[in-house]
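Text of model_4.tsv (TSV, C-alpha atoms) as supplied:
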chain	number	residue	atom	x	y	z
K	1	MET	CA	0.00	0.00	0.00
K	2	ALA	CA	1.37	3.41	-0.94
K	3	ILE	CA	1.59	6.06	1.76
K	4	ASN	CA	0.31	9.50	0.81
K	5	GLN	CA	1.83	12.43	2.61
K	6	ALA	CA	1.47	16.18	2.38
K	7	LEU	CA	4.66	18.21	2.29
K	8	VAL	CA	4.17	21.91	2.85
K	9	PRO	CA	7.38	23.99	2.82
K	10	SER	CA	6.05	27.03	4.68
K	11	PHE	CA	2.98	28.68	6.24
K	12	VAL	CA	2.56	25.97	8.85
K	13	SER	CA	1.34	26.94	12.31
K	14	VAL	CA	1.16	24.68	15.33
K	15	SER	CA	-0.78	25.18	18.53
K	16	TYR	CA	0.44	22.89	21.31
K	17	ASP	CA	-1.71	23.06	24.43
K	18	SER	CA	-2.69	26.66	23.50
K	19	PHE	CA	0.96	27.71	23.01
K	20	GLU	CA	1.43	29.03	19.47
K	21	LEU	CA	4.63	27.67	17.93
K	22	VAL	CA	6.27	29.83	15.27
K	23	PHE	CA	7.95	28.11	12.34
K	24	VAL	CA	9.27	30.12	9.42
K	25	ASP	CA	10.19	27.25	7.11
K	26	ALA	CA	8.71	24.03	8.42
K	27	LYS	CA	8.35	20.84	6.43
K	28	PHE	CA	5.24	19.01	7.53
K	29	SER	CA	4.52	15.33	6.87
K	30	PHE	CA	1.26	13.71	7.90
K	31	ASN	CA	0.15	10.11	7.49
K	32	TYR	CA	-2.93	8.63	9.14
K	33	ASP	CA	-4.17	5.11	8.49
K	34	ASN	CA	-6.99	3.21	10.16
K	35	ASN	CA	-5.94	-0.07	8.49
K	36	SER	CA	-9.53	-1.14	7.99
K	37	GLY	CA	-10.56	-3.67	5.39
K	38	TYR	CA	-13.42	-5.76	4.12
K	39	LEU	CA	-13.98	-9.48	4.44
K	40	GLU	CA	-15.67	-11.36	1.62
K	41	SER	CA	-18.55	-13.63	2.63
K	42	MET	CA	-21.50	-15.35	0.99
K	43	THR	CA	-25.10	-14.44	1.76
K	44	THR	CA	-27.84	-17.05	2.12
K	45	SER	CA	-28.98	-16.24	-1.43
K	46	GLY	CA	-25.51	-17.10	-2.78
K	47	LYS	CA	-24.40	-13.50	-3.50
K	48	ARG	CA	-21.08	-12.13	-2.40
K	49	ASN	CA	-21.13	-9.74	0.50
K	50	TYR	CA	-18.32	-7.55	1.84
K	51	LEU	CA	-18.33	-6.78	5.55
K	52	LEU	CA	-16.13	-4.24	7.28
K	53	ARG	CA	-13.78	-5.95	9.69
K	54	LYS	CA	-14.59	-4.85	13.20
K	55	GLY	CA	-13.07	-5.03	16.62
K	56	VAL	CA	-9.44	-5.74	17.26
K	57	SER	CA	-8.57	-6.15	13.57
K	58	ILE	CA	-8.76	-2.39	12.93
K	59	THR	CA	-5.55	-0.68	13.97
K	60	GLN	CA	-5.18	3.08	13.73
K	61	TYR	CA	-1.89	4.93	13.68
K	62	GLY	CA	-0.56	8.30	12.69
K	63	ASP	CA	2.87	9.68	11.92
K	64	ILE	CA	3.34	13.42	12.08
K	65	TYR	CA	6.77	14.89	11.47
K	66	MET	CA	8.02	18.44	11.15
K	67	VAL	CA	11.48	19.54	10.06
K	68	LEU	CA	12.37	22.93	11.54
K	69	SER	CA	15.27	25.20	10.76
K	70	LYS	CA	16.96	27.41	13.34
K	71	THR	CA	17.21	30.68	11.42
K	72	PRO	CA	19.59	33.57	12.15
K	73	ASP	CA	16.69	35.95	12.89
K	74	LYS	CA	15.92	33.84	16.01
K	75	LYS	CA	12.14	33.94	15.38
K	76	GLN	CA	11.85	30.21	15.99
K	77	ASP	CA	14.05	30.02	19.10
K	78	ASP	CA	11.09	30.18	21.54
K	79	SER	CA	9.32	27.37	19.69
K	80	ILE	CA	12.45	25.20	19.63
K	81	LYS	CA	12.98	25.79	23.36
K	82	PHE	CA	9.30	25.02	24.06
K	83	LEU	CA	9.52	21.64	22.29
K	84	ARG	CA	12.80	20.75	24.02
K	85	ASP	CA	11.35	21.64	27.42
K	86	LYS	CA	8.12	19.77	26.69
K	87	LEU	CA	10.05	16.63	25.76
K	88	LYS	CA	12.07	16.80	29.02
K	89	GLU	CA	8.85	17.31	30.98
K	90	ILE	CA	7.13	14.34	29.28
K	91	SER	CA	10.05	12.03	30.09
K	92	LYS	CA	9.43	12.61	33.82
K	93	LEU	CA	5.67	11.98	33.72
K	94	GLU	CA	4.03	8.58	33.92
K	95	ASN	CA	0.33	9.31	33.46
K	96	PRO	CA	-0.69	10.03	29.82
K	97	ASN	CA	-3.40	12.41	31.07
K	98	ASP	CA	-0.59	14.66	32.33
K	99	TYR	CA	1.29	14.96	29.02
K	100	CYS	CA	-1.29	14.36	26.25
K	101	LYS	CA	-2.38	17.80	25.13
K	102	PRO	CA	-4.53	19.20	22.32
K	103	ILE	CA	-2.40	19.85	19.23
K	104	VAL	CA	-3.58	21.69	16.10
K	105	ILE	CA	-1.45	21.84	12.94
K	106	THR	CA	-2.62	24.20	10.21
K	107	ALA	CA	-1.23	24.57	6.68
K	108	LYS	CA	-1.84	27.73	4.66
K	109	ASP	CA	-1.28	28.64	1.02
K	110	PRO	CA	0.97	31.58	-0.02
K	111	GLY	CA	-2.03	33.90	0.44
K	112	GLU	CA	-2.17	32.63	4.04
K	113	GLU	CA	-5.57	31.01	3.49
K	114	GLN	CA	-5.98	27.76	5.40
K	115	PHE	CA	-6.34	24.67	3.21
K	116	PHE	CA	-5.59	21.88	5.68
K	117	SER	CA	-5.86	21.42	9.42
K	118	VAL	CA	-5.46	18.43	11.69
K	119	SER	CA	-6.14	18.41	15.41
K	120	PHE	CA	-5.63	15.61	17.88
K	121	SER	CA	-4.77	14.77	21.46
K	122	GLY	CA	-1.12	13.79	21.61
K	123	TYR	CA	2.40	14.79	22.50
K	124	VAL	CA	5.85	15.43	21.09
K	125	ALA	CA	7.71	12.12	21.17
K	126	GLU	CA	11.03	13.11	19.65
K	127	PHE	CA	12.94	16.31	19.01
K	128	LYS	CA	16.45	15.96	17.64
K	129	ASN	CA	19.05	17.58	15.41
K	130	ILE	CA	19.31	16.21	11.91
K	131	PRO	CA	22.29	16.71	9.60
K	132	SER	CA	21.94	19.01	6.62
K	133	LYS	CA	22.44	17.51	3.18
K	134	ASP	CA	25.12	19.90	2.00
K	135	GLY	CA	26.65	20.89	5.33
K	136	ILE	CA	26.06	24.63	4.87
K	137	ASP	CA	22.39	24.74	5.82
K	138	PHE	CA	20.86	26.13	9.00
K	139	ILE	CA	20.63	23.84	12.01
K	140	ASN	CA	17.64	21.55	11.38
K	141	TYR	CA	15.49	19.72	13.90
K	142	LEU	CA	13.06	16.85	13.48
K	143	ALA	CA	9.96	16.94	15.69
K	144	SER	CA	7.84	13.81	15.84
K	145	PHE	CA	4.31	13.97	17.24
K	146	VAL	CA	2.27	11.01	18.46
K	147	ILE	CA	-1.51	10.74	18.26
K	148	PHE	CA	-2.50	9.35	21.65
K	149	ASP	CA	-6.29	9.32	21.30
K	150	ASP	CA	-7.45	8.13	17.85
K	151	LEU	CA	-10.97	9.38	18.50
K	152	SER	CA	-9.67	12.94	18.92
K	153	VAL	CA	-8.35	13.20	15.33
K	154	LYS	CA	-10.16	15.86	13.30
K	155	ILE	CA	-9.12	16.67	9.74
K	156	ALA	CA	-10.53	19.77	8.05
K	157	ASN	CA	-9.79	22.10	5.16

Please rewrite the model in this file as structure tokens.
Amino acid sequence: MAINQALVPSFVSVSYDSFELVFVDAKFSFNYDNNSGYLESMTTSGKRNYLLRKGVSITQYGDIYMVLSKTPDKKQDDSIKFLRDKLKEISKLENPNDYCKPIVITAKDPGEEQFFSVSFSGYVAEFKNIPSKDGIDFINYLASFVIFDDLSVKIAN
């Protein structure tokens, strides 16, 4: 199965537990799959019937990644510090109710009109430096977000 992802080079805003993160040039990748399927069966009249698999056979997962650049104008420094601090805080907590927060990621076109938004209850699971391809880029970070509550996922345009 092919994985479809949206890659938006800029105009991405993130609200993490009501804190607005500022990203000048963020790369945003979103994949959400509920892994549902249909089972073929025969009806009493002899016709084929396709039933949605239910129960434990449906697994939902989501992968949300953002690549952030630390720019010389320091506009993103507060957001980078917020994510670092949040990750340290999460590592000390044991109860998911303490660290799962509402997260809203919004993508906008060059006219700054919203065309995609995803909201969910989750947390930042990873925040690390990644090497640049040519060695002369800005410092880049990879932020990975986890969807904790599948029922909280809302996708809108």

If we count all atoms listed in the file, what is near range 118-129 of chain K at a cut-off of 7 Å, once residues fewer than 5 positions away on the same chain are taken out, given as a VMD selection string?
-> chain K and resid 84 87 99 to 106 140 to 149 152 to 156

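One distance worth recording is that between CA of Phe28 in chain K and CA of Tyr65 in chain K, which is 5.9 Å.
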
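Considering only C-alpha atoms, the residue among K:Phe30, K:Lys47, K:Gly111, K:Asp77 positioned nearest to Asp63 in chain K is K:Phe30.
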
May I ask for the distance between CA of Ser117 in chain K and CA of Lys70 in chain K, given in Å to one decimal place?
->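 If I compute the distance from CA of Ser117 in chain K to CA of Lys70 in chain K, I get 23.9 Å.
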
Hey, can you check how far CA of Val12 in chain K sits from CA of Lys92 in chain K?
->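 Distance reported for this atom pair: 29.1 Å.
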
Closest to Ser15 in chain K among K:Ser29, K:Thr44, K:Ser79, K:Ser69, using all atoms listed in the file?
-> K:Ser79

Could you tell me which of K:Asn157, K:Asn49, K:Thr43, K:Asn31 comes closest to Phe115 in chain K if we count all atoms listed in the file?
->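 Using all atoms listed in the file, Phe115 in chain K sits closest to K:Asn157.
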